[in-house]
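The structure appears below as structure tokens.
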Amino acid sequence: QAGAGLLIKSILPRSAMGSHCVCEMFGTAALTTCRGMQLDRQDSLPACTMLLFALVALGAVTGASANLSWTMATLEIQEVTVVEGRTGTDLFMIEAKGGVGSIEYEMTSTNIHVVLNSYSGKVALSNIPFDYETSTSPFIMLFTATDEEDVSIDHQVRFVIEDIDDEIPVIDNLDQLKLTQNVDESLAVGTVLVTVQASDPDSNELYFTLIDSGPEFTVNQTSGDVRLATQLDYESETSYFFSVRVEDSGGHSAEAGIRVEVRDVQDEPPAFAKSAYIAFVVENTPVNTMLGEIGAYPAEDQDATKKHQLIYRLESEHTEAGLPFSVNSTTGQLFISGVVDAESLTERVSARIIATEDCGSSECMSSAVGVTITILNIDDNEPRFSQQIYFASIQENPRVGDVIPVTGGIAVSDRDLGNNKFTVSVLESNLATFYEAEGSSVSGSDVALVLLVGEHSEYYDRESRSTFNLTLAVEAGGNATVVVTLLDQNDETPSFGADTYTAAVSEGVAAGKLLLTVRAIDKDLNPALEYRMCCDDKFRIDGTTGQIFVNSSLDYETATEHNLEVTVSDGKHESSTSVHVTVTDENDFTPVFTPATYHVSVEENTEFSIQLHVTDGDGAADNRQLSYTIVNASHGEWSISTAAQLSLVTPLDRETISPGDIEVYVRVQDGGGLSSEARIVVMVNDTNDNKPVFTREGYFFTINETQPNGSKVGKVSATDADYSDSFSTVIFTLEASADARFSVDASSGLISVLDDTRLDVDANPREYLLTVVATNPVQNSPETKVNVSVSVRDVNNKDPQFERISEMRNVEVAEDVEIEAEVFVLSASDLDSTADLQFAMAPESPCKDSWKVEEGKLVPTTELDRETKEEYTCRVSVQDVASETGPQVVETDVTIIVKDVNDNAPKLVDGNSALEFELLESHPPSDSNPFLSIAAEDSDSGANSELAFTMETQTEMFRVDNNGDVFLLQTLDYEDEPLYNLTLRITDNGNPPLSSEVFLVIKVLNKNDNSPVIRKNWVGDEIEVAENVTLNHTIHQFEADDADGD
């Protein structure tokens, strides 16, 4: 490049001086440097001719200097591979050498995913990861090094982003798949119903599979074509729902639900409800009487949606005119059309009812059913059901006509011999009917009946009722009850409590924080619900509990809200709800005073104010809302306005300020709670406006009567508030009228006894009154006077004596008294007027490890426990420390009685919190004879140890009285409940009371008290057996149940 030149550089072998030399060439110039020694051009060129040169392309060089260059290690960095998704990883170092002064590095190509240390040259990944799917790869980044003379060089590095499998496949035609696929039941097998189109941002191969699909459909693993695999039948199934899962090679998958609705076509002939009909008619029954179970013989067109009106006719070996029966051509009802004479007719009349579609063409389809009419004589015995109560169970949501399995079967018997007849019915006929018997006459002496689901099959819904009763009736006979139990099916769709959930979260919340919980309700029994969520990886959901957690860090500046979709499935049905998450900003700039410290001066007794200045970098209005408070002021009364104007409320007095400067601290706080303080230093200038002031209004001194001449009596003190030395110096004098026995020192104010003075208190006790004058040495300065009283006292020589001795022998304290709380105040007296009494624990006191005397008060040093120790004896002492005749110490004992506090909870005698008891199921209930007595104890005394038991568990089977006796109230049944878990509570009579829980487990022991029951009553069923069957060959397997557990 023009003006750039070439740099040729090499390390010379070690010279005789032991130096390393570097030869550098730039253009036509050459320079040799040996460990700091610089050689001239003539020396350098011969030396450089001995080198093996390596040419290094430097890139663009700006400026006059050519010494700035990249290191070889930097130049070798040409390409860097970065794995998407990683953050904070160090990549490489760039380094330049030479140049003038320090070198600064910068990236002239901006990229938010890469950061550069401008001083060290370290290049690293930022906290914002690369995303291969949204980033350009490869790309070039330009790095620049600049010295202090603004000479710069550039270096390019090629970045390549490595893709990882981190993306979930996307179903592209999801909106199309959500539409219902409507197909004819005659659709050819192999036809493509729909093609699932999907893509993967990672460009992986995708594979398709079906979920929750039967054999009717298949999917091509690679193309996503969903085909029909078996022939559809509208009459068998009208709709299907299944899911298609698309999965990439990395295990990521997505699903889409497909609903197929089957359309009916005309392809079925009429069908009678039964394969054959039997009718019974009593001779001489009136004409027009309807025959059959429900008074009709209906046939139904099996095409579910293309039904035609049917035309009925009757065919028989008898002519229509000679047969006393006819069929209604529109309704298919069979009725009596002539005289029924048992003597002129055979016992059983056979005929056929033919039903033909009224479709208006030759393609109309027809069906026939046989009818057998039996002529009966009149009987005279009442028919009876075999049981008063029957029990049955059936899956909920049955179809009309499904058999209701009745345990043991239903049978009606009549004691009449021969052809007896009776009529049976279900009173709730819309819920159930009898097969071949409902509303019709049934012949026989012992007839087995089959119960069918009635036309109101929607009543069979376990979510509405778990059991219901049917009433069976036989005409001229008794009734019976069938208790029907409904068995649960997965027929309910789970639903969320709200269509939309909302939540707010701060952008600084840590990953793993629980955001909220969404819950769904499924009316089915014991549903297994699974929660799924999309489509934001900032959050995750617990598939079992519905708890939504923050999955990764949030950024208010990137996204202020997130919308999530949550789906719940019970394995067959599913529903969805949405979650709206609002991200709130954080206050991260502190308001700051500028400057932080102010220095000002003011004359005393004048007004003063100052304007303070504050800055706050936050952008949100709430966070920039500033308020000001005065934190502390060392002197004076101050106020501050909302505009940061600091003002003095009352004038200052220089003499009241010490030290000389006043410091005021002001705090500013923003709306987010961040704050800082400013310091304002105020210097107050002094004026001379004060006179000396004694430290007391009067002085009172006492001296011993034996005090020698020249002894110090006491000292008076005065100050002058003026700040300057000339106005603040104080001198002292005695008024001339003062007693001549004393003198005062002018500087110190010390009063002394004059020589040749005798103070004899025994001969003449007295008090001396003096007047001391204080002034300063300045002429005409004001003066101040004070009275001084001097008393002569006697010598201290009497022992102190304890008071309240009787109280000290019986000090009561509660055991829960706090450590070092005051329990008893010691008191004593001393006849000496100068006595100074101090109380202490005697060195040999037996309670010194638990008690101490502090400022005359007896206080515990450890926690008291009456259950461990009930009484303490403490040896205490009082001493007159002002004694002038030797030690004056007196000792006595204090007896401390510890009173009980309810601080121990009751417990079982054995210390356990649970007990187990076995009870035979045949144990007789009794409200007066307990089957178990529980023993408990309480370490407290008196009322605190009185105990009472209560039952915490809600139960009608057991009760417990206050003494812990447990009673059985109702009969046990091992088959209904083999185990009872009870929670009892033991409570003492303390105030407040304490209690403990006791867990009682009662195991019911089984007794063989149930008979076995055969699962099905096979009476009346036929079992075919070949005539050549071998001996011991099993022809039928019976099964039985026994309700006893063992």
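Ordering of the structure tokens sets the chain letters (A, B, ...); residue numbers start at 1 within each chain; ligands are numbered from 1 in the order shown.
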May I have the residues within 10 Å of segment 549-557 of chain A as a PyMOL selection string, using only C-alpha atoms and disregarding those fewer than 4 positions away in the same chain? chain A and resi 505-517+536-542+561+582-586
Selection: 8 Å around Phe824 of chain A, only C-alpha atoms, excl. self and same-chain fewer than 6 positions, as JSON, numbers by chain: {"A": [811, 857, 858, 859]}
Residues from the last selection, N, CA, C and O atoms, saved as an mmCIF file, in the first residue's frame:
```cif
data_model
loop_
_atom_site.group_PDB
_atom_site.id
_atom_site.type_symbol
_atom_site.label_atom_id
_atom_site.label_comp_id
_atom_site.auth_asym_id
_atom_site.auth_seq_id
_atom_site.Cartn_x
_atom_site.Cartn_y
_atom_site.Cartn_z
ATOM 1 N N VAL A 811 -38.676 -14.827 97.473
ATOM 2 C CA VAL A 811 -38.798 -14.107 96.200
ATOM 3 C C VAL A 811 -39.330 -15.086 95.151
ATOM 4 O O VAL A 811 -38.699 -16.106 94.879
ATOM 5 N N LYS A 857 -29.809 -4.923 91.292
ATOM 6 C CA LYS A 857 -30.941 -5.764 90.891
ATOM 7 C C LYS A 857 -30.473 -7.197 90.758
ATOM 8 O O LYS A 857 -29.409 -7.472 90.203
ATOM 9 N N LEU A 858 -31.303 -8.117 91.248
ATOM 10 C CA LEU A 858 -31.017 -9.550 91.135
ATOM 11 C C LEU A 858 -31.641 -10.051 89.833
ATOM 12 O O LEU A 858 -32.852 -9.970 89.643
ATOM 13 N N VAL A 859 -30.792 -10.532 88.894
ATOM 14 C CA VAL A 859 -31.264 -10.936 87.571
ATOM 15 C C VAL A 859 -30.710 -12.320 87.242
ATOM 16 O O VAL A 859 -29.609 -12.678 87.673
#
```
Name the residues in contact with segment 767-774 of chain A at a cut-off of 6 Å, using only C-alpha atoms, excluding same-chain residues fewer than 5 positions from it; report them as a PyMOL selection string. chain A and resi 731-735+738+783-791
Within 10 Å of Pro906 of chain A using only C-alpha atoms, minus same-chain residues under 3 positions, as a PyMOL selection string: chain A and resi 903+909+911+936-940+944-948+985-988+993-997
Could you write those residues out with C-alpha atoms, as a compact mmCIF listing (two decimals), in the first residue's frame?
```
# COMPACT_ATOMS: atom_id res chain seq x y z
CA ASP A 903 -44.04 -24.50 78.74
CA VAL A 909 -46.02 -41.78 77.90
CA GLY A 911 -42.65 -40.51 73.84
CA ALA A 936 -50.24 -39.33 78.17
CA GLU A 937 -48.22 -37.06 80.48
CA ASP A 938 -47.19 -33.39 80.90
CA SER A 939 -43.98 -32.30 82.67
CA ASP A 940 -45.65 -29.13 84.01
CA ASN A 944 -50.78 -26.97 83.52
CA SER A 945 -50.51 -30.78 83.69
CA GLU A 946 -54.26 -31.49 83.51
CA LEU A 947 -54.90 -33.10 80.11
CA ALA A 948 -57.89 -33.55 77.78
CA ARG A 985 -55.11 -33.88 70.02
CA ILE A 986 -53.96 -33.77 73.66
CA THR A 987 -54.41 -30.32 75.26
CA ASP A 988 -53.32 -29.20 78.74
CA PRO A 993 -52.95 -24.11 76.61
CA LEU A 994 -50.41 -26.27 74.77
CA SER A 995 -51.31 -29.30 72.68
CA SER A 996 -49.81 -32.15 70.63
CA GLU A 997 -51.14 -34.31 67.83
```
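Reported to one decimal place, the separation of atom CA of Asp163 of chain A from atom CA of Phe139 of chain A is 14.6 Å.
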Any idea what's packed within 7 Å of Ser326 of chain A, counting only C-alpha atoms, ignoring anything in its chain fewer than 3 positions away? Could you give it as a list in words? Leu314, Leu334, Phe335, Ile336 and Ser337 of chain A
